[in-house]
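Undergrad: Enclosed is the structure file structure.cif (mmCIF, C-alpha atoms).
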```cif
data_model
#
loop_
_atom_site.label_atom_id
_atom_site.label_comp_id
_atom_site.auth_asym_id
_atom_site.auth_seq_id
_atom_site.Cartn_x
_atom_site.Cartn_y
_atom_site.Cartn_z
CA MET N 1201 0.00 0.00 0.00
CA ALA N 1202 1.11 3.57 -0.63
CA SER N 1203 2.60 5.58 2.21
CA PRO N 1204 0.09 7.62 4.22
CA SER N 1205 2.01 10.93 3.92
CA PRO N 1206 -0.54 13.67 3.10
CA THR N 1207 1.81 15.45 0.66
CA GLY N 1208 2.48 12.30 -1.39
CA ALA N 1209 1.00 11.08 -4.63
CA CYS N 1210 -0.22 7.74 -5.91
CA LEU N 1211 -1.59 6.31 -9.12
CA ASN N 1212 -4.00 3.37 -9.28
CA LEU N 1213 -6.75 1.89 -11.41
CA ALA N 1214 -9.63 3.08 -9.20
CA GLY N 1215 -8.44 6.70 -9.33
CA THR N 1216 -7.88 6.49 -13.08
CA LEU N 1217 -11.39 5.13 -13.70
CA SER N 1218 -12.86 7.85 -11.49
CA GLY N 1219 -10.89 10.45 -13.50
CA MET N 1220 -12.32 9.05 -16.73
CA ARG N 1221 -15.86 9.29 -15.32
CA ARG N 1222 -15.37 12.88 -14.19
CA MET N 1223 -14.03 13.85 -17.63
CA ALA N 1224 -16.77 12.07 -19.62
CA PRO N 1225 -19.12 15.08 -20.09
CA LEU N 1226 -16.27 17.27 -21.35
CA ALA N 1227 -14.91 14.49 -23.53
CA LEU N 1228 -18.11 14.58 -25.58
CA PHE N 1229 -17.18 18.07 -26.76
CA VAL N 1230 -13.73 16.84 -27.70
CA VAL N 1231 -15.38 14.31 -30.04
CA ALA N 1232 -16.78 17.30 -31.98
CA PHE N 1233 -13.34 18.94 -32.21
CA GLY N 1234 -11.81 15.65 -33.34
CA LEU N 1235 -14.50 15.42 -36.00
CA ALA N 1236 -13.56 18.90 -37.26
CA PHE N 1237 -9.90 17.85 -37.37
CA GLY N 1238 -10.67 14.63 -39.23
CA VAL N 1239 -12.63 16.52 -41.90
CA ALA N 1240 -9.93 19.19 -42.25
CA ALA N 1241 -7.06 16.68 -42.44
CA VAL N 1242 -8.71 14.57 -45.14
CA GLN N 1243 -9.44 17.74 -47.13
CA ARG N 1244 -5.74 18.62 -46.87
CA GLY N 1245 -4.80 15.30 -48.48
CA LEU N 1246 -3.77 13.18 -45.49
CA THR N 1247 -4.87 9.57 -45.75
CA ASP N 1248 -7.30 8.13 -43.20
CA ILE N 1249 -4.54 6.18 -41.44
CA GLU N 1250 -2.18 9.17 -41.34
CA THR N 1251 -4.92 11.36 -39.86
CA LEU N 1252 -5.75 8.81 -37.16
CA LEU N 1253 -2.07 8.23 -36.44
CA MET N 1254 -1.47 11.95 -35.96
CA SER N 1255 -4.39 12.23 -33.54
CA ALA N 1256 -3.25 9.15 -31.62
CA LEU N 1257 0.43 10.08 -31.32
CA VAL N 1258 0.40 13.88 -31.18
CA PHE N 1259 -2.91 14.37 -29.31
CA ALA N 1260 -2.73 18.19 -29.30
CA GLY N 1261 -5.52 19.83 -31.29
CA ALA N 1262 -4.22 23.32 -31.99
CA SER N 1263 -0.79 22.13 -33.13
CA GLN N 1264 -2.37 19.47 -35.36
CA PHE N 1265 -4.58 22.10 -37.04
CA ALA N 1266 -1.57 24.39 -37.42
CA ALA N 1267 0.43 21.55 -39.00
CA LEU N 1268 -2.30 21.13 -41.62
CA GLU N 1269 -1.77 24.78 -42.59
CA LEU N 1270 1.83 23.85 -43.47
CA TRP N 1271 0.89 20.65 -45.32
CA GLY N 1272 1.42 20.67 -49.09
CA PRO N 1273 3.37 18.67 -51.67
CA GLU N 1274 6.22 19.21 -49.20
CA ILE N 1275 6.28 19.85 -45.46
CA PRO N 1276 8.58 22.66 -44.25
CA LEU N 1277 10.40 20.96 -41.38
CA ALA N 1278 11.66 24.02 -39.47
CA ALA N 1279 8.22 25.66 -39.51
CA LEU N 1280 6.56 22.39 -38.44
CA ILE N 1281 8.94 21.94 -35.51
CA ALA N 1282 8.70 25.60 -34.47
CA SER N 1283 4.91 25.78 -34.60
CA THR N 1284 4.46 22.43 -32.82
CA PHE N 1285 6.84 23.49 -30.07
CA ALA N 1286 5.51 27.02 -29.70
CA ILE N 1287 1.84 26.00 -29.60
CA ASN N 1288 2.52 23.23 -27.10
CA ALA N 1289 5.05 25.17 -25.01
CA ARG N 1290 2.27 25.92 -22.50
CA HIS N 1291 2.59 22.23 -21.48
CA LEU N 1292 5.99 23.16 -20.02
CA LEU N 1293 4.30 25.48 -17.53
CA MET N 1294 1.49 23.02 -16.85
CA GLY N 1295 3.95 20.21 -16.15
CA ALA N 1296 6.06 22.50 -13.98
CA ALA N 1297 2.98 23.41 -11.93
CA LEU N 1298 2.27 19.74 -11.23
CA TYR N 1299 5.90 18.89 -10.42
CA PRO N 1300 5.55 19.27 -6.62
CA TRP N 1301 2.79 16.62 -6.81
CA LEU N 1302 4.14 14.21 -9.43
CA ARG N 1303 7.65 14.12 -7.95
CA HIS N 1304 6.32 11.71 -5.32
CA LEU N 1305 5.59 9.13 -8.05
CA PRO N 1306 8.21 6.64 -9.25
CA ASN N 1307 10.08 8.01 -12.29
CA ARG N 1308 8.39 5.72 -14.79
CA GLN N 1309 4.86 6.57 -13.59
CA ARG N 1310 5.71 10.27 -13.46
CA TYR N 1311 6.86 10.51 -17.07
CA ALA N 1312 4.15 8.13 -18.32
CA SER N 1313 1.35 10.11 -16.67
CA VAL N 1314 2.20 13.29 -18.63
CA LEU N 1315 1.82 11.40 -21.94
CA VAL N 1316 -1.86 12.42 -21.82
CA LEU N 1317 -1.32 15.87 -20.24
CA SER N 1318 -3.81 18.25 -21.87
CA ASP N 1319 -5.57 21.50 -20.94
CA SER N 1320 -8.77 20.25 -19.32
CA ASN N 1321 -7.41 17.26 -17.40
CA TRP N 1322 -4.54 19.44 -16.22
CA ALA N 1323 -6.95 22.08 -14.92
CA MET N 1324 -9.02 19.49 -13.02
CA ALA N 1325 -5.93 17.65 -11.73
CA ALA N 1326 -4.35 20.91 -10.57
CA ALA N 1327 -7.55 21.64 -8.64
CA ASP N 1328 -7.33 18.14 -7.05
CA PHE N 1329 -3.72 18.83 -6.07
CA ARG N 1330 -4.61 22.18 -4.47
CA ARG N 1331 -7.35 20.42 -2.48
CA GLY N 1332 -4.75 18.01 -1.08
CA GLU N 1333 -5.80 14.95 -3.12
CA ARG N 1334 -3.05 12.33 -3.34
CA ASN N 1335 -4.44 10.26 -6.21
CA VAL N 1336 -3.26 11.58 -9.59
CA GLY N 1337 -6.01 9.53 -11.36
CA MET N 1338 -7.69 12.72 -12.57
CA LEU N 1339 -4.65 13.56 -14.68
CA VAL N 1340 -4.23 10.06 -16.15
CA GLY N 1341 -7.88 8.94 -16.35
CA GLY N 1342 -9.09 12.34 -17.55
CA GLY N 1343 -6.31 12.39 -20.14
CA LEU N 1344 -7.17 8.88 -21.36
CA ALA N 1345 -10.85 9.88 -21.71
CA LEU N 1346 -9.85 12.95 -23.75
CA TRP N 1347 -7.47 10.88 -25.88
CA LEU N 1348 -10.17 8.31 -26.64
CA ALA N 1349 -12.69 11.04 -27.47
CA TRP N 1350 -10.18 12.82 -29.73
CA LEU N 1351 -9.50 9.56 -31.57
CA VAL N 1352 -13.20 8.62 -31.94
CA GLY N 1353 -13.97 12.16 -33.18
CA THR N 1354 -11.13 12.00 -35.70
CA LEU N 1355 -12.41 8.64 -36.96
CA ILE N 1356 -15.94 10.02 -37.49
CA GLY N 1357 -14.46 13.10 -39.23
CA VAL N 1358 -12.34 10.93 -41.53
CA ILE N 1359 -15.41 8.91 -42.52
CA PHE N 1360 -17.48 12.03 -43.27
CA GLY N 1361 -14.61 14.09 -44.67
CA SER N 1362 -13.88 11.68 -47.53
CA GLY N 1363 -17.46 12.09 -48.77
CA ILE N 1364 -17.28 15.88 -49.17
CA THR N 1365 -16.05 16.97 -52.60
CA GLU N 1366 -16.47 20.77 -52.49
CA PRO N 1367 -15.32 21.87 -49.02
CA GLU N 1368 -15.15 25.60 -49.92
CA ARG N 1369 -18.82 25.68 -50.82
CA TYR N 1370 -19.83 24.64 -47.31
CA GLY N 1371 -17.22 26.84 -45.65
CA LEU N 1372 -15.30 23.78 -44.40
CA ASP N 1373 -11.92 25.16 -45.52
CA VAL N 1374 -12.13 27.81 -42.79
CA ILE N 1375 -12.43 25.26 -39.93
CA LEU N 1376 -8.68 25.47 -39.21
CA GLY N 1377 -8.50 29.23 -38.85
CA CYS N 1378 -11.74 29.42 -36.87
CA PHE N 1379 -10.61 26.65 -34.52
CA LEU N 1380 -7.26 28.31 -33.83
CA LEU N 1381 -8.87 31.72 -33.30
CA SER N 1382 -11.42 30.29 -30.86
CA MET N 1383 -8.64 28.54 -28.93
CA LEU N 1384 -6.72 31.81 -28.79
CA VAL N 1385 -9.65 33.80 -27.37
CA GLY N 1386 -10.90 30.94 -25.18
CA GLY N 1387 -7.50 30.31 -23.62
CA THR N 1388 -7.28 33.85 -22.31
CA ARG N 1389 -9.15 34.73 -19.16
CA GLN N 1390 -9.15 38.47 -19.81
CA LEU N 1391 -8.10 40.45 -22.88
CA SER N 1392 -5.82 43.14 -21.44
CA LEU N 1393 -3.16 45.36 -22.96
CA SER N 1394 -0.39 43.13 -21.62
CA ILE N 1395 -1.60 40.27 -23.83
CA LEU N 1396 -2.99 42.31 -26.76
CA LEU N 1397 0.34 44.10 -27.20
CA PRO N 1398 2.38 40.91 -27.79
CA TRP N 1399 -0.39 39.58 -30.04
CA SER N 1400 -0.43 42.75 -32.16
CA VAL N 1401 3.34 42.64 -32.55
CA ALA N 1402 3.08 38.94 -33.47
CA ALA N 1403 0.47 39.72 -36.15
CA LEU N 1404 2.56 42.55 -37.65
CA ALA N 1405 5.76 40.49 -37.55
CA ALA N 1406 4.02 37.50 -39.16
CA PHE N 1407 2.56 39.78 -41.84
CA ALA N 1408 5.99 41.30 -42.59
CA ALA N 1409 7.59 37.83 -42.72
CA LEU N 1410 4.86 36.64 -45.06
CA ARG N 1411 5.64 39.54 -47.41
CA TRP N 1412 9.40 39.72 -47.30
CA LEU N 1413 10.90 36.61 -45.71
CA PRO N 1414 11.11 33.00 -47.03
CA PRO N 1415 7.85 30.97 -47.11
CA HIS N 1416 6.57 29.61 -43.76
CA SER N 1417 9.00 31.71 -41.69
CA HIS N 1418 6.02 33.78 -40.52
CA VAL N 1419 5.20 31.15 -37.87
CA ILE N 1420 8.60 31.35 -36.17
CA VAL N 1421 8.94 35.12 -36.62
CA GLY N 1422 5.48 35.85 -35.20
CA ALA N 1423 5.84 33.47 -32.24
CA LEU N 1424 9.27 34.81 -31.25
CA ALA N 1425 8.29 38.48 -31.69
CA GLY N 1426 5.17 38.07 -29.54
CA GLY N 1427 7.03 36.02 -26.92
CA LEU N 1428 9.85 38.55 -26.62
CA VAL N 1429 7.43 41.47 -26.21
CA GLY N 1430 5.63 39.49 -23.51
CA ALA N 1431 8.89 38.79 -21.69
CA TRP N 1432 10.02 42.41 -21.91
CA LEU N 1433 6.78 43.89 -20.56
CA PRO N 1434 7.07 44.90 -16.90
CA ALA N 1435 5.89 42.20 -14.51
CA SER N 1436 3.24 44.41 -12.89
CA SER N 1437 1.24 44.79 -16.09
CA THR N 1438 0.87 41.05 -16.55
CA ARG N 1439 -0.83 40.74 -13.20
CA ASP N 1440 -4.18 41.86 -14.60
CA THR N 1441 -4.35 38.77 -16.81
CA LYS N 1442 -5.04 36.72 -13.70
CA PRO N 1443 -8.34 36.98 -11.86
CA ALA N 1444 -8.22 39.04 -8.68
CA SER N 1445 -8.49 36.92 -5.57
CA MET G 561 14.60 21.83 -45.23
CA THR G 562 11.42 20.06 -46.32
CA LEU G 563 9.91 16.59 -46.17
CA PRO G 564 8.05 15.21 -49.18
CA THR G 565 4.47 14.11 -48.43
CA THR G 566 5.18 10.53 -49.41
CA PRO G 567 3.97 7.86 -46.93
CA THR G 568 7.44 7.79 -45.34
CA GLY G 569 7.80 11.59 -45.26
CA THR G 570 4.37 12.03 -43.71
CA LEU G 571 5.02 9.33 -41.12
CA LEU G 572 8.31 10.99 -40.23
CA ALA G 573 6.60 14.40 -39.87
CA ILE G 574 3.96 12.90 -37.55
CA LEU G 575 6.63 11.16 -35.45
CA ILE G 576 8.60 14.41 -35.16
CA MET G 577 5.45 16.26 -34.07
CA ALA G 578 4.70 13.53 -31.51
CA LEU G 579 8.24 13.67 -30.12
CA ILE G 580 8.25 17.47 -29.80
CA THR G 581 4.82 17.47 -28.17
CA TYR G 582 5.95 14.86 -25.63
CA LEU G 583 9.05 16.94 -24.92
CA THR G 584 6.77 19.86 -23.99
CA ARG G 585 4.61 17.57 -21.83
CA SER G 586 7.55 16.09 -19.93
CA GLY G 587 9.84 19.14 -20.16
CA GLY G 588 8.17 21.02 -17.31
CA LEU G 589 8.87 18.12 -14.93
CA LEU G 590 12.43 17.69 -16.22
CA ILE G 591 13.29 21.37 -15.86
CA MET G 592 11.61 21.75 -12.46
CA SER G 593 13.57 18.79 -11.09
CA ARG G 594 16.67 20.92 -11.77
CA VAL G 595 15.79 24.64 -11.68
CA PRO G 596 12.49 26.50 -11.13
CA ILE G 597 11.08 28.45 -14.11
CA GLY G 598 11.45 32.22 -13.55
CA PRO G 599 8.71 34.83 -14.05
CA ARG G 600 10.30 36.32 -17.20
CA VAL G 601 10.50 32.92 -18.93
CA GLN G 602 6.94 32.27 -17.81
CA ARG G 603 5.78 35.54 -19.46
CA PHE G 604 7.70 34.62 -22.62
CA ILE G 605 5.98 31.23 -22.87
CA ASN G 606 2.55 32.72 -22.12
CA ALA G 607 2.88 35.41 -24.79
CA MET G 608 4.45 33.02 -27.31
CA SER G 609 1.72 30.37 -27.05
CA GLY G 610 -0.91 32.90 -28.16
CA SER G 611 1.35 34.66 -30.67
CA VAL G 612 2.03 31.48 -32.61
CA LEU G 613 -1.71 30.92 -33.13
CA ILE G 614 -1.99 34.48 -34.49
CA ALA G 615 0.99 33.92 -36.78
CA VAL G 616 -0.64 30.79 -38.23
CA ILE G 617 -3.96 32.62 -38.84
CA VAL G 618 -2.40 35.71 -40.51
CA PRO G 619 -2.07 34.18 -44.04
CA MET G 620 -5.75 33.18 -43.99
CA ALA G 621 -6.75 36.77 -43.19
CA VAL G 622 -4.28 38.33 -45.66
CA GLU G 623 -4.46 35.92 -48.60
CA GLY G 624 -7.94 34.42 -48.10
CA ASP G 625 -11.15 35.60 -49.78
CA TRP G 626 -13.81 37.66 -48.00
CA GLY G 627 -15.56 34.42 -47.05
CA ALA G 628 -12.52 33.49 -44.95
CA ARG G 629 -12.26 37.01 -43.47
CA TRP G 630 -15.94 37.08 -42.50
CA ALA G 631 -15.47 33.62 -40.97
CA LEU G 632 -12.65 34.89 -38.74
CA LEU G 633 -14.63 37.98 -37.72
CA ALA G 634 -17.72 35.88 -36.94
CA THR G 635 -15.63 33.44 -34.89
CA LEU G 636 -14.04 36.29 -32.94
CA GLY G 637 -17.39 37.97 -32.30
CA ALA G 638 -19.18 34.75 -31.28
CA MET G 639 -16.26 33.76 -29.07
CA LEU G 640 -16.23 37.10 -27.24
CA ILE G 641 -19.99 36.94 -26.68
CA THR G 642 -20.60 33.24 -25.92
CA ARG G 643 -17.09 31.99 -24.89
CA LYS G 644 -18.10 28.66 -26.51
CA PRO G 645 -15.56 27.47 -29.14
CA LEU G 646 -17.98 25.11 -30.92
CA VAL G 647 -20.58 27.90 -31.31
CA ALA G 648 -17.86 30.26 -32.56
CA ILE G 649 -16.50 27.76 -35.10
CA ALA G 650 -20.02 27.01 -36.35
CA ALA G 651 -20.63 30.75 -36.78
CA GLY G 652 -17.40 31.02 -38.78
CA ILE G 653 -18.21 28.12 -41.12
CA LEU G 654 -21.74 29.44 -41.62
CA SER G 655 -20.48 32.96 -42.48
CA ALA G 656 -18.06 31.64 -45.10
CA ALA G 657 -20.71 29.37 -46.64
CA LEU G 658 -23.32 32.16 -46.68
CA TRP G 659 -20.92 34.72 -48.18
CA ARG G 660 -19.87 32.34 -50.93
CA ALA G 661 -23.48 31.36 -51.68
CA LEU G 662 -24.79 34.94 -51.80
CA ALA G 663 -21.87 37.10 -52.99
CA PRO G 664 -21.68 37.59 -56.77
#
```
Could you quickly redo this structure as structure tokens?
TA:
Amino acid sequence: MASPSPTGACLNLAGTLSGMRRMAPLALFVVAFGLAFGVAAVQRGLTDIETLLMSALVFAGASQFAALELWGPEIPLAALIASTFAINARHLLMGAALYPWLRHLPNRQRYASVLVLSDSNWAMAAADFRRGERNVGMLVGGGLALWLAWLVGTLIGVIFGSGITEPERYGLDVILGCFLLSMLVGGTRQLSLSILLPWSVAALAAFAALRWLPPHSHVIVGALAGGLVGAWLPASSTRDTKPAS
Amino acid sequence: MTLPTTPTGTLLAILIMALITYLTRSGGLLIMSRVPIGPRVQRFINAMSGSVLIAVIVPMAVEGDWGARWALLATLGAMLITRKPLVAIAAGILSAALWRALAP
């Protein structure tokens, strides 16, 4: 049996199943997003297997949609790596926030449990941790539920997507952009100057790169420009992006 | 450097994406077990994660037709009002489809 220390952490089947149950209502929405991805990927020319494989192995919606934007007869490697890293870099902070909890797990369990680290299961697991819960089942079970839902959604999208011959007519070619924009707005608690300023610089830098720099460099240029402006802003002005408590 | 979208090239691209994504998932734990992440780096990552999404959308707004632009505006508007991504995406798709059906 696990040690009774209140600051510890443990991982077991019961906790994982309970995490899956708690995530089930949210996972239904993820099926819809997966469906949108499946349709978009097939329209971009990925085969059914490739689309499913990407959802299964990458399991990160925004970066998968962004990768589709780069897909063509050839895939620009530097832009693919940069956009995948930049979009998913928030995981670094999320993992860091859970470190004081997960460090009590054996190494193998610790690094396996973050395989399914994603926004919603992280948020619920972080709340469990703050409450003093020892079982990390919310992270693992919730993540598995999201992963399954993402895969099922992708499968449904792949089945429907192959049957649509004129995606532009039904506005389906704009799914990618609309998805990314909604994630951008939805992932921000409050639109303040300290976040709008980096975003504006990112937009201008990406626009300039699109005009004058080599193809696909706009992703790296925009991400770095926005990130640097964010880092250079005084610390006090970033405080208003967090809710007052 | 580019990868051709042959079966092998595509598989390689997906594996690279998977590896990088796992590095971000495990990286926070790895770094924290050595040094804590400072506030400036934290602000950089926060600003960068949104900026990269903007950078990816920019070509669609600049090079796309008015159907695509209306779609982005509708998504933004619906998102600010409802805060529900699925509603916002549906509004975007509908705007593009309507514009293309009705515009000359």
Undergrad: Enumerate as a PyMOL selection string the residues belonging to chain G that approach chain N to within 7 Å, with only C-alpha atoms taken into account.
TA: chain G and resi 561-565+574+577-578+580-582+584-589+592+600-601+603-618+628+631-632+635-636+639+643+645+648-649+652-654+656-657+660
Undergrad: Report, in Å with one decimal, the straight-line distance from CA of Leu1228 in chain N to CA of Trp1347 in chain N.
TA: 11.3 Å
Undergrad: Distance CA of Val1242 in chain N-CA of Ala1345 in chain N, one decimal place?
TA: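 Distance reported for this atom pair: 24.0 Å.
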Undergrad: If you measure from CA of Leu1252 in chain N to CA of Lys644 in chain G, what distance in Å do you get, rounded to one decimal?
TA: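 These two atoms are separated by 25.7 Å.
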Undergrad: Pick from N:Gly1343, N:Val1231, N:Arg1389, N:Met1338: nearest to Leu640 in chain G, with only C-alpha atoms counted?
TA: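 Nearest to Leu640 in chain G: N:Arg1389.
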Undergrad: Tell me which residues come within 10 Å of (-8.9, 2.9, -15.9), as a list in words, counting all atoms listed in the file in the file's coordinates.
TA: Asn1212, Leu1213, Ala1214, Gly1215, Thr1216, Leu1217, Ser1218, Gly1219, Met1220, Arg1221, Gly1337, Val1340, Gly1341, Gly1342, Leu1344 and Ala1345 of chain N
Undergrad: Quick one: everything within 8 Å of Trp626 in chain G, counting all atoms listed in the file, minus sequence neighbours fewer than 3 positions away in the same chain. Send it as JSON, numbers by chain.
TA: {"G": [629, 630, 656, 659]}
Undergrad: Residue by residue, what does the PyMOL selection byres ((chain N and resi 1336) around 7) grab here? Present the result as a JSON list (two decimals) with C-alpha atoms, in the coordinates of the input.
TA:
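The result, stored in result-v9.json:
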```json
[["chain", "number", "residue", "atom", "x", "y", "z"],
["N", 1209, "ALA", "CA", 1.00, 11.08, -4.63],
["N", 1210, "CYS", "CA", -0.22, 7.74, -5.91],
["N", 1211, "LEU", "CA", -1.59, 6.31, -9.12],
["N", 1325, "ALA", "CA", -5.93, 17.65, -11.73],
["N", 1334, "ARG", "CA", -3.05, 12.33, -3.34],
["N", 1335, "ASN", "CA", -4.44, 10.26, -6.21],
["N", 1337, "GLY", "CA", -6.01, 9.53, -11.36],
["N", 1338, "MET", "CA", -7.69, 12.72, -12.57],
["N", 1339, "LEU", "CA", -4.65, 13.56, -14.68],
["N", 1340, "VAL", "CA", -4.23, 10.06, -16.15]]
```
Undergrad: With N, CA and C atoms as the target, complete range 634-652 of chain G and hand it back as a CSV table (one decimal), in the frame of the given file.
TA:
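What ended up in part25.csv:
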```
chain,number,residue,atom,x,y,z
G,634,ALA,N,-16.6,36.5,-37.6
G,634,ALA,CA,-17.7,35.9,-36.9
G,634,ALA,C,-17.3,35.0,-35.8
G,635,THR,N,-16.2,34.3,-36.0
G,635,THR,CA,-15.6,33.4,-34.9
G,635,THR,C,-15.2,34.3,-33.7
G,636,LEU,N,-14.5,35.4,-34.0
G,636,LEU,CA,-14.0,36.3,-32.9
G,636,LEU,C,-15.2,36.9,-32.2
G,637,GLY,N,-16.2,37.4,-32.9
G,637,GLY,CA,-17.4,38.0,-32.3
G,637,GLY,C,-18.1,37.0,-31.4
G,638,ALA,N,-18.4,35.8,-32.0
G,638,ALA,CA,-19.2,34.8,-31.3
G,638,ALA,C,-18.4,34.3,-30.0
G,639,MET,N,-17.1,34.2,-30.2
G,639,MET,CA,-16.3,33.8,-29.1
G,639,MET,C,-16.3,34.8,-27.9
G,640,LEU,N,-16.2,36.1,-28.3
G,640,LEU,CA,-16.2,37.1,-27.2
G,640,LEU,C,-17.6,37.1,-26.5
G,641,ILE,N,-18.7,36.9,-27.3
G,641,ILE,CA,-20.0,36.9,-26.7
G,641,ILE,C,-20.3,35.7,-25.9
G,642,THR,N,-20.1,34.5,-26.5
G,642,THR,CA,-20.6,33.2,-25.9
G,642,THR,C,-19.5,32.5,-25.1
G,643,ARG,N,-18.2,32.7,-25.5
G,643,ARG,CA,-17.1,32.0,-24.9
G,643,ARG,C,-17.2,30.5,-25.2
G,644,LYS,N,-18.0,30.1,-26.2
G,644,LYS,CA,-18.1,28.7,-26.5
G,644,LYS,C,-17.4,28.4,-27.9
G,645,PRO,N,-16.3,27.7,-27.9
G,645,PRO,CA,-15.6,27.5,-29.1
G,645,PRO,C,-16.4,26.8,-30.2
G,646,LEU,N,-17.2,25.8,-29.9
G,646,LEU,CA,-18.0,25.1,-30.9
G,646,LEU,C,-19.0,26.0,-31.6
G,647,VAL,N,-19.6,26.9,-30.8
G,647,VAL,CA,-20.6,27.9,-31.3
G,647,VAL,C,-19.8,28.9,-32.2
G,648,ALA,N,-18.6,29.3,-31.8
G,648,ALA,CA,-17.9,30.3,-32.6
G,648,ALA,C,-17.4,29.7,-33.9
G,649,ILE,N,-16.9,28.4,-33.9
G,649,ILE,CA,-16.5,27.8,-35.1
G,649,ILE,C,-17.7,27.6,-36.1
G,650,ALA,N,-18.8,27.2,-35.5
G,650,ALA,CA,-20.0,27.0,-36.4
G,650,ALA,C,-20.4,28.3,-37.0
G,651,ALA,N,-20.3,29.4,-36.2
G,651,ALA,CA,-20.6,30.8,-36.8
G,651,ALA,C,-19.7,31.1,-37.9
G,652,GLY,N,-18.4,30.7,-37.7
G,652,GLY,CA,-17.4,31.0,-38.8
G,652,GLY,C,-17.7,30.3,-40.1
```
